[in-house]
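Engineer: Following this line is start_15.cif, made up of mmCIF, C-alpha atoms and all ligand atoms:
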```
data_start
#
loop_
_atom_site.label_atom_id
_atom_site.label_comp_id
_atom_site.auth_asym_id
_atom_site.auth_seq_id
_atom_site.Cartn_x
_atom_site.Cartn_y
_atom_site.Cartn_z
CA MET D 119 15.21 -3.37 -13.57
CA LYS D 120 11.60 -3.66 -12.43
CA ASN D 121 10.50 -0.58 -10.55
CA ILE D 122 8.08 -0.28 -7.68
CA VAL D 123 6.54 3.07 -6.74
CA ILE D 124 5.04 3.24 -3.24
CA LEU D 125 2.34 5.79 -2.41
CA ILE D 126 1.91 6.89 1.21
CA SER D 127 -0.01 9.47 3.23
CA GLY D 128 1.23 8.98 6.78
CA SER D 129 3.68 7.07 8.91
CA GLY D 130 4.86 4.81 6.11
CA SER D 131 5.58 1.76 8.24
CA ASN D 132 4.35 -0.63 5.53
CA MET D 133 6.49 1.18 2.96
CA ALA D 134 9.49 0.76 5.30
CA ALA D 135 8.69 -2.94 5.81
CA ILE D 136 8.73 -3.47 2.04
CA ALA D 137 11.92 -1.46 1.57
CA ARG D 138 13.72 -3.22 4.44
CA THR D 139 12.69 -6.64 3.14
CA ALA D 140 13.89 -5.66 -0.33
CA GLN D 141 17.26 -4.69 1.15
CA LYS D 142 17.54 -7.75 3.39
CA GLU D 143 16.59 -10.16 0.63
CA GLN D 144 18.63 -8.28 -1.99
CA TRP D 145 15.71 -7.94 -4.40
CA LYS D 146 17.73 -5.65 -6.64
CA ASP D 147 20.58 -8.06 -7.21
CA LYS D 148 18.66 -11.32 -6.99
CA LEU D 149 15.27 -10.44 -8.50
CA GLY D 150 15.94 -7.26 -10.47
CA ILE D 151 13.30 -5.40 -8.42
CA ARG D 152 13.77 -2.08 -6.68
CA VAL D 153 11.72 0.52 -4.85
CA ALA D 154 12.24 3.40 -7.26
CA ALA D 155 10.36 6.11 -5.38
CA VAL D 156 8.05 6.89 -2.49
CA ILE D 157 5.40 9.51 -3.23
CA SER D 158 3.17 11.17 -0.64
CA ASN D 159 0.06 13.28 -1.07
CA GLN D 160 0.80 14.82 2.35
CA PRO D 161 3.88 17.08 2.47
CA ASP D 162 4.31 16.47 6.21
CA ALA D 163 3.92 12.69 6.13
CA PRO D 164 6.45 11.19 8.59
CA GLY D 165 6.96 8.36 6.09
CA LEU D 166 8.84 10.72 3.79
CA ALA D 167 11.73 11.12 6.25
CA LEU D 168 11.62 7.40 6.96
CA ALA D 169 11.94 6.71 3.22
CA ARG D 170 14.86 9.10 2.85
CA GLY D 171 16.54 7.42 5.83
CA LEU D 172 16.25 4.14 3.95
CA GLY D 173 18.00 5.70 0.97
CA LEU D 174 14.86 6.01 -1.15
CA GLY D 175 13.94 8.88 -3.43
CA THR D 176 10.83 10.77 -2.37
CA ASP D 177 8.35 13.09 -4.00
CA VAL D 178 5.23 14.99 -2.91
CA VAL D 179 2.09 15.65 -4.90
CA HIS D 180 -0.10 17.59 -2.49
CA HIS D 181 -3.78 16.98 -3.23
CA ARG D 182 -4.66 20.44 -1.91
CA ASP D 183 -2.76 22.00 -4.80
CA PHE D 184 -5.33 20.66 -7.26
CA PRO D 185 -8.92 21.73 -7.82
CA SER D 186 -10.34 18.24 -8.43
CA ARG D 187 -9.67 14.52 -8.04
CA ASP D 188 -9.09 14.28 -11.80
CA THR D 189 -6.40 16.95 -11.87
CA PHE D 190 -4.71 15.54 -8.76
CA ASP D 191 -4.71 12.03 -10.17
CA ALA D 192 -3.34 13.24 -13.51
CA ALA D 193 -0.47 15.01 -11.73
CA LEU D 194 0.17 12.00 -9.52
CA MET D 195 0.21 9.71 -12.53
CA ALA D 196 2.72 11.95 -14.30
CA ARG D 197 5.08 11.77 -11.29
CA ILE D 198 4.64 8.02 -10.98
CA GLU D 199 5.33 7.55 -14.70
CA LEU D 200 8.78 9.17 -14.31
CA HIS D 201 9.76 5.81 -12.77
CA ALA D 202 8.00 3.57 -15.34
CA PRO D 203 6.83 1.21 -12.59
CA GLN D 204 5.82 -2.42 -13.04
CA LEU D 205 3.95 -2.16 -9.75
CA VAL D 206 2.35 0.69 -7.80
CA VAL D 207 1.91 -0.08 -4.10
CA LEU D 208 -0.59 1.81 -1.94
CA ALA D 209 0.73 1.76 1.63
CA GLY D 210 -1.54 3.81 3.84
CA PHE D 211 -2.39 6.05 0.88
CA MET D 212 -5.59 7.68 2.06
CA ARG D 213 -7.02 9.05 -1.18
CA ILE D 214 -9.77 7.58 -3.29
CA LEU D 215 -8.42 7.18 -6.81
CA THR D 216 -10.38 8.01 -9.95
CA PRO D 217 -11.55 5.22 -12.29
CA GLY D 218 -9.16 6.54 -14.97
CA PHE D 219 -6.16 6.23 -12.65
CA VAL D 220 -7.20 2.74 -11.55
CA ALA D 221 -7.77 1.66 -15.18
CA HIS D 222 -4.33 2.92 -16.20
CA TYR D 223 -2.66 0.73 -13.57
CA ALA D 224 -5.07 -2.22 -13.81
CA GLY D 225 -3.36 -5.41 -12.70
CA ARG D 226 -0.34 -3.58 -11.29
CA LEU D 227 -1.89 -1.53 -8.48
CA ILE D 228 -2.21 -3.11 -5.03
CA ASN D 229 -3.37 -1.94 -1.62
CA ILE D 230 -3.32 -3.08 1.99
CA HIS D 231 -6.53 -2.63 3.93
CA PRO D 232 -6.78 -3.19 7.71
CA SER D 233 -9.63 -5.71 7.78
CA LEU D 234 -10.40 -9.20 6.60
CA LEU D 235 -12.06 -8.16 3.33
CA PRO D 236 -14.77 -8.36 2.19
CA ALA D 237 -15.69 -7.38 5.76
CA PHE D 238 -15.29 -3.74 6.78
CA THR D 239 -14.42 -1.83 3.66
CA GLY D 240 -13.80 1.88 4.21
CA LEU D 241 -12.68 3.62 7.39
CA HIS D 242 -12.58 2.86 11.14
CA THR D 243 -12.21 -0.86 10.51
CA HIS D 244 -10.77 -1.74 13.93
CA GLN D 245 -13.48 0.01 15.95
CA ARG D 246 -16.17 -1.49 13.73
CA ALA D 247 -14.74 -5.01 14.24
CA ILE D 248 -14.68 -4.47 18.03
CA ASP D 249 -18.21 -3.04 18.04
CA MET D 250 -19.53 -6.03 16.06
CA GLY D 251 -18.04 -8.47 18.56
CA CYS D 252 -15.65 -10.01 16.02
CA ARG D 253 -13.29 -12.61 17.50
CA LEU D 254 -10.96 -12.26 14.56
CA ALA D 255 -9.81 -9.17 12.72
CA GLY D 256 -6.92 -8.76 10.32
CA THR D 257 -5.61 -7.30 7.14
CA THR D 258 -5.83 -7.87 3.40
CA VAL D 259 -3.58 -7.17 0.43
CA HIS D 260 -5.68 -6.83 -2.70
CA GLN D 261 -5.68 -5.68 -6.28
CA VAL D 262 -7.15 -2.21 -6.63
CA THR D 263 -10.25 -1.89 -8.79
CA ALA D 264 -12.67 0.97 -9.34
CA GLU D 265 -14.80 -0.23 -6.42
CA LEU D 266 -13.25 0.74 -3.08
CA ASP D 267 -11.59 -2.18 -1.21
CA HIS D 268 -13.10 -4.80 -3.53
CA GLY D 269 -10.31 -6.15 -5.76
CA HIS D 270 -9.01 -9.72 -5.93
CA ILE D 271 -7.39 -10.79 -2.67
CA LEU D 272 -3.65 -11.54 -2.80
CA ALA D 273 -2.83 -12.12 0.89
CA GLN D 274 -4.48 -12.01 4.29
CA ALA D 275 -3.52 -12.34 7.93
CA ALA D 276 -5.88 -12.72 10.86
CA VAL D 277 -5.30 -11.44 14.39
CA PRO D 278 -7.39 -12.14 17.50
CA VAL D 279 -9.62 -9.45 18.98
CA LEU D 280 -8.84 -9.65 22.69
CA PRO D 281 -11.03 -8.73 25.66
CA GLY D 282 -10.64 -5.05 26.46
CA ASP D 283 -9.21 -4.23 23.04
CA THR D 284 -9.24 -0.67 21.83
CA ALA D 285 -9.02 0.32 18.18
CA ALA D 286 -5.43 1.44 18.81
CA LEU D 287 -4.40 -1.89 20.35
CA LEU D 288 -6.04 -3.84 17.55
CA ALA D 289 -4.47 -1.56 14.93
CA ALA D 290 -1.01 -2.13 16.40
CA ARG D 291 -1.52 -5.91 16.49
CA THR D 292 -2.73 -5.81 12.89
CA LEU D 293 0.16 -3.62 11.75
CA THR D 294 2.77 -6.18 12.85
CA GLN D 295 1.08 -8.71 10.54
CA GLU D 296 0.86 -6.16 7.71
CA HIS D 297 4.62 -5.74 7.90
CA LEU D 298 5.00 -9.48 7.26
CA ILE D 299 2.42 -10.06 4.54
CA TYR D 300 2.84 -6.93 2.43
CA PRO D 301 6.50 -7.52 1.50
CA GLN D 302 5.66 -11.18 0.79
CA ALA D 303 2.73 -10.17 -1.42
CA VAL D 304 4.93 -7.75 -3.38
CA ARG D 305 7.56 -10.47 -3.89
CA SER D 306 5.00 -12.97 -5.06
CA PHE D 307 3.38 -10.42 -7.38
CA PHE D 308 6.63 -10.39 -9.35
CA ALA D 309 7.10 -14.15 -9.08
CA HIS D 310 3.66 -14.76 -10.58
CA SER D 311 3.33 -11.95 -13.09
CA ALA D 312 3.81 -12.14 -16.85
CA PRO D 313 7.00 -13.25 -18.64
CA GLY D 314 9.74 -10.69 -18.31
CA ALA D 315 8.52 -9.74 -14.86
CA GLY D 316 11.26 -11.60 -13.03
CA PRO D 317 13.79 -14.38 -13.10
CA ASN D 318 11.57 -16.81 -11.17
C1 LIG T 1 -2.17 0.51 7.60
O1 LIG T 1 -2.72 -0.14 8.71
C2 LIG T 1 -3.03 0.25 6.38
O2 LIG T 1 -3.64 -1.01 6.38
C3 LIG T 1 -4.06 1.33 6.49
O3 LIG T 1 -3.39 2.45 6.98
C4 LIG T 1 -2.27 2.03 7.76
C5 LIG T 1 -1.05 2.74 7.22
O4 LIG T 1 0.03 2.56 8.07
N1 LIG T 1 -4.65 1.58 5.22
C6 LIG T 1 -5.90 1.99 5.06
O5 LIG T 1 -6.64 2.22 5.99
C7 LIG T 1 -6.35 2.16 3.63
N2 LIG T 1 -7.75 2.30 3.55
P1 LIG T 1 1.51 2.93 7.56
O6 LIG T 1 1.43 4.35 6.96
O7 LIG T 1 2.33 2.92 8.81
O8 LIG T 1 1.92 1.91 6.56
#
```
Reformat the file's structure so that it appears as structure tokens.
Ligand code: GAR
Structural biologist:
Amino acid sequence: MKNIVILISGSGSNMAAIARTAQKEQWKDKLGIRVAAVISNQPDAPGLALARGLGLGTDVVHHRDFPSRDTFDAALMARIELHAPQLVVLAGFMRILTPGFVAHYAGRLINIHPSLLPAFTGLHTHQRAIDMGCRLAGTTVHQVTAELDHGHILAQAAVPVLPGDTAALLAARTLTQEHLIYPQAVRSFFAHSAPGAGPN
């Protein structure tokens, strides 16, 4: 069985989209892939209850319990490793990871970022796109590398920026596309990864 560990910090809607697609498409039986655990750095993340409601195991590694990024990342890695994942999925995980963590999971750590990368790395992407007068905004699934929001692009979806848009409206429009492309990107990660990674 090929395990996925999903890391969240908040509402977890992308995590749920992946888990629901996995259930609907019977990834476990047909592809030998399962979401093994959902881990949050925020103990009160609403996504934790959502994950439990979907029948997924959850765990919390609270970043405030650790004195440094290095010690937090080491603890997080130890909890992730309990599931021996083939893929670690960042789904609204709002922590910057240390180079050591990223190197450990090189090639099997992916993220979704709410902009058309390489435009608008970092935070407040929707407001920045509106302020710049962009006609198109969107979202990107990418490999995670040591440089924030810079890894190889695996999937993208564009959405229009409409007259009168607010960051919240644009975020909601973008999120509906994220829920389509992130599960697809996870599926194709396994379809295209090394021998032994999946039946197709
Ligand atoms: C998503 O829009 C995701 O692209 C963004 O946070 C949201 C999480 O929503 N991620 C980032 O901004 C990462 N820098 P969710 O918790 O409902 O999946």
Engineer: Each residue of chain D lying at most 10 Å from ligand LIG 1 (chain T) should get a row with its shortest atom-to-atom pair and the distance in Å to one decimal, counting all atoms listed in the file; could you produce that, ordered by chain and increasing number, as CSV?
Structural biologist:
```
residue,atom,partner,partner_atom,distance
D:Leu125,CA,T:LIG1,O6,9.5
D:Ile126,CA,T:LIG1,O6,6.3
D:Ser127,CA,T:LIG1,O6,6.5
D:Gly128,CA,T:LIG1,O6,4.6
D:Ser129,CA,T:LIG1,O6,4.0
D:Gly130,CA,T:LIG1,O6,3.6
D:Ser131,CA,T:LIG1,O7,3.5
D:Asn132,CA,T:LIG1,O8,3.7
D:Met133,CA,T:LIG1,O8,5.9
D:Ala134,CA,T:LIG1,O8,7.8
D:Ala135,CA,T:LIG1,O8,8.4
D:Ile136,CA,T:LIG1,O8,9.8
D:Ala163,CA,T:LIG1,O6,8.7
D:Pro164,CA,T:LIG1,O6,8.6
D:Gly165,CA,T:LIG1,O6,6.9
D:Leu208,CA,T:LIG1,C7,8.0
D:Ala209,CA,T:LIG1,O8,5.1
D:Gly210,CA,T:LIG1,C5,3.6
D:Phe211,CA,T:LIG1,C7,6.2
D:Met212,CA,T:LIG1,C7,5.8
D:Arg213,CA,T:LIG1,N2,8.3
D:Ile214,CA,T:LIG1,N2,8.9
D:Asn229,CA,T:LIG1,C7,7.3
D:Ile230,CA,T:LIG1,O2,4.9
D:His231,CA,T:LIG1,O2,4.1
D:Pro232,CA,T:LIG1,O2,4.0
D:Ser233,CA,T:LIG1,O2,7.7
D:Thr239,CA,T:LIG1,N2,7.8
D:Gly240,CA,T:LIG1,N2,6.1
D:Leu241,CA,T:LIG1,O5,6.4
D:His242,CA,T:LIG1,O5,7.9
D:Thr243,CA,T:LIG1,O5,7.8
D:His244,CA,T:LIG1,O1,9.7
D:Gly256,CA,T:LIG1,O2,9.3
D:Thr257,CA,T:LIG1,O2,6.6
D:Thr258,CA,T:LIG1,O2,7.8
D:Val259,CA,T:LIG1,O2,8.6
D:Leu266,CA,T:LIG1,N2,8.8
D:Asp267,CA,T:LIG1,N2,7.6
D:Ala289,CA,T:LIG1,O1,6.6
D:Ala290,CA,T:LIG1,O1,8.1
D:Arg291,CA,T:LIG1,O1,9.8
D:Thr292,CA,T:LIG1,O1,7.0
D:Leu293,CA,T:LIG1,O1,5.4
D:Thr294,CA,T:LIG1,O1,9.2
D:Gln295,CA,T:LIG1,O1,9.6
D:Glu296,CA,T:LIG1,O2,7.0
D:His297,CA,T:LIG1,O8,8.2
D:Tyr300,CA,T:LIG1,O2,9.6
```
Engineer: Write out as a PDB file with C-alpha atoms, in the coordinates of the input which residues come within 9 Å of stretch 246-254 of chain D when counting only C-alpha atoms, dropping same-chain ones fewer than 4 positions away.
Structural biologist:
```
ATOM      1  CA  SER D 233      -9.630  -5.710   7.780  1.00  0.00           C
ATOM      2  CA  LEU D 234     -10.400  -9.200   6.600  1.00  0.00           C
ATOM      3  CA  ALA D 237     -15.690  -7.380   5.760  1.00  0.00           C
ATOM      4  CA  PHE D 238     -15.290  -3.740   6.780  1.00  0.00           C
ATOM      5  CA  LEU D 241     -12.680   3.620   7.390  1.00  0.00           C
ATOM      6  CA  HIS D 242     -12.580   2.860  11.140  1.00  0.00           C
ATOM      7  CA  ALA D 276      -5.880 -12.720  10.860  1.00  0.00           C
ATOM      8  CA  VAL D 277      -5.300 -11.440  14.390  1.00  0.00           C
ATOM      9  CA  PRO D 278      -7.390 -12.140  17.500  1.00  0.00           C
ATOM     10  CA  VAL D 279      -9.620  -9.450  18.980  1.00  0.00           C
ATOM     11  CA  LEU D 280      -8.840  -9.650  22.690  1.00  0.00           C
ATOM     12  CA  ASP D 283      -9.210  -4.230  23.040  1.00  0.00           C
ATOM     13  CA  THR D 284      -9.240  -0.670  21.830  1.00  0.00           C
ATOM     14  CA  ALA D 285      -9.020   0.320  18.180  1.00  0.00           C
ATOM     15  CA  LEU D 288      -6.040  -3.840  17.550  1.00  0.00           C
TER      16      LEU D 288
END
```
Engineer: How many Å separate atom CA of D:Leu174 from atom CA of D:Ile151?
Structural biologist: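 Atom-to-atom, atom CA of D:Leu174 to atom CA of D:Ile151, that is 13.6 Å.
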Engineer: My list of candidates is D:Ala154, D:Ile299, D:Leu272, D:Ala264. Which is closest to D:Ala202 when distances are computed with only C-alpha atoms?
Structural biologist: D:Ala154
Engineer: Tell me, in Å to one decimal, how far atom CA of D:His260 is from atom CA of D:Ile228.
Structural biologist: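 Interatomic distance, atom CA of D:His260 to atom CA of D:Ile228: 5.6 Å.
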Engineer: I want to know what sits within 12 Å of D:Asp147, based on only C-alpha atoms, with residues of the same chain fewer than 3 positions away left out; could you give that as a PDB file with C-alpha atoms, in the coordinates of the input?
Structural biologist:
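File produced: out_20.pdb:
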```pdb
ATOM      1  CA  MET D 119      15.210  -3.370 -13.570  1.00  0.00           C
ATOM      2  CA  LYS D 120      11.600  -3.660 -12.430  1.00  0.00           C
ATOM      3  CA  ALA D 140      13.890  -5.660  -0.330  1.00  0.00           C
ATOM      4  CA  GLN D 141      17.260  -4.690   1.150  1.00  0.00           C
ATOM      5  CA  LYS D 142      17.540  -7.750   3.390  1.00  0.00           C
ATOM      6  CA  GLU D 143      16.590 -10.160   0.630  1.00  0.00           C
ATOM      7  CA  GLN D 144      18.630  -8.280  -1.990  1.00  0.00           C
ATOM      8  CA  GLY D 150      15.940  -7.260 -10.470  1.00  0.00           C
ATOM      9  CA  ILE D 151      13.300  -5.400  -8.420  1.00  0.00           C
ATOM     10  CA  ARG D 152      13.770  -2.080  -6.680  1.00  0.00           C
ATOM     11  CA  GLY D 316      11.260 -11.600 -13.030  1.00  0.00           C
ATOM     12  CA  PRO D 317      13.790 -14.380 -13.100  1.00  0.00           C
TER      13      PRO D 317
END
```
Engineer: Could you give me, as a list in words, the residues within 7 Å of stretch 193-201 of chain D, counting all atoms listed in the file and dropping anything in the same chain fewer than 2 positions from it?
Structural biologist: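 In the requested form, the answer reads Asn121, Val123, Ala154, Val179, Thr189, Phe190, Asp191 and Pro203 of chain D.
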Engineer: For D:Leu227, which residue among D:Val304, D:Val262, D:Ala192, D:Val156 is the nearest when counting all atoms listed in the file?
Structural biologist: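 Using all atoms listed in the file, the shortest distance to D:Leu227 belongs to D:Val262.
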Engineer: Of the candidates D:Val207, D:Asn159, D:Arg138, D:Phe308, which shows the shortest atom-to-atom distance to D:Phe184, using only C-alpha atoms?
Structural biologist: D:Asn159
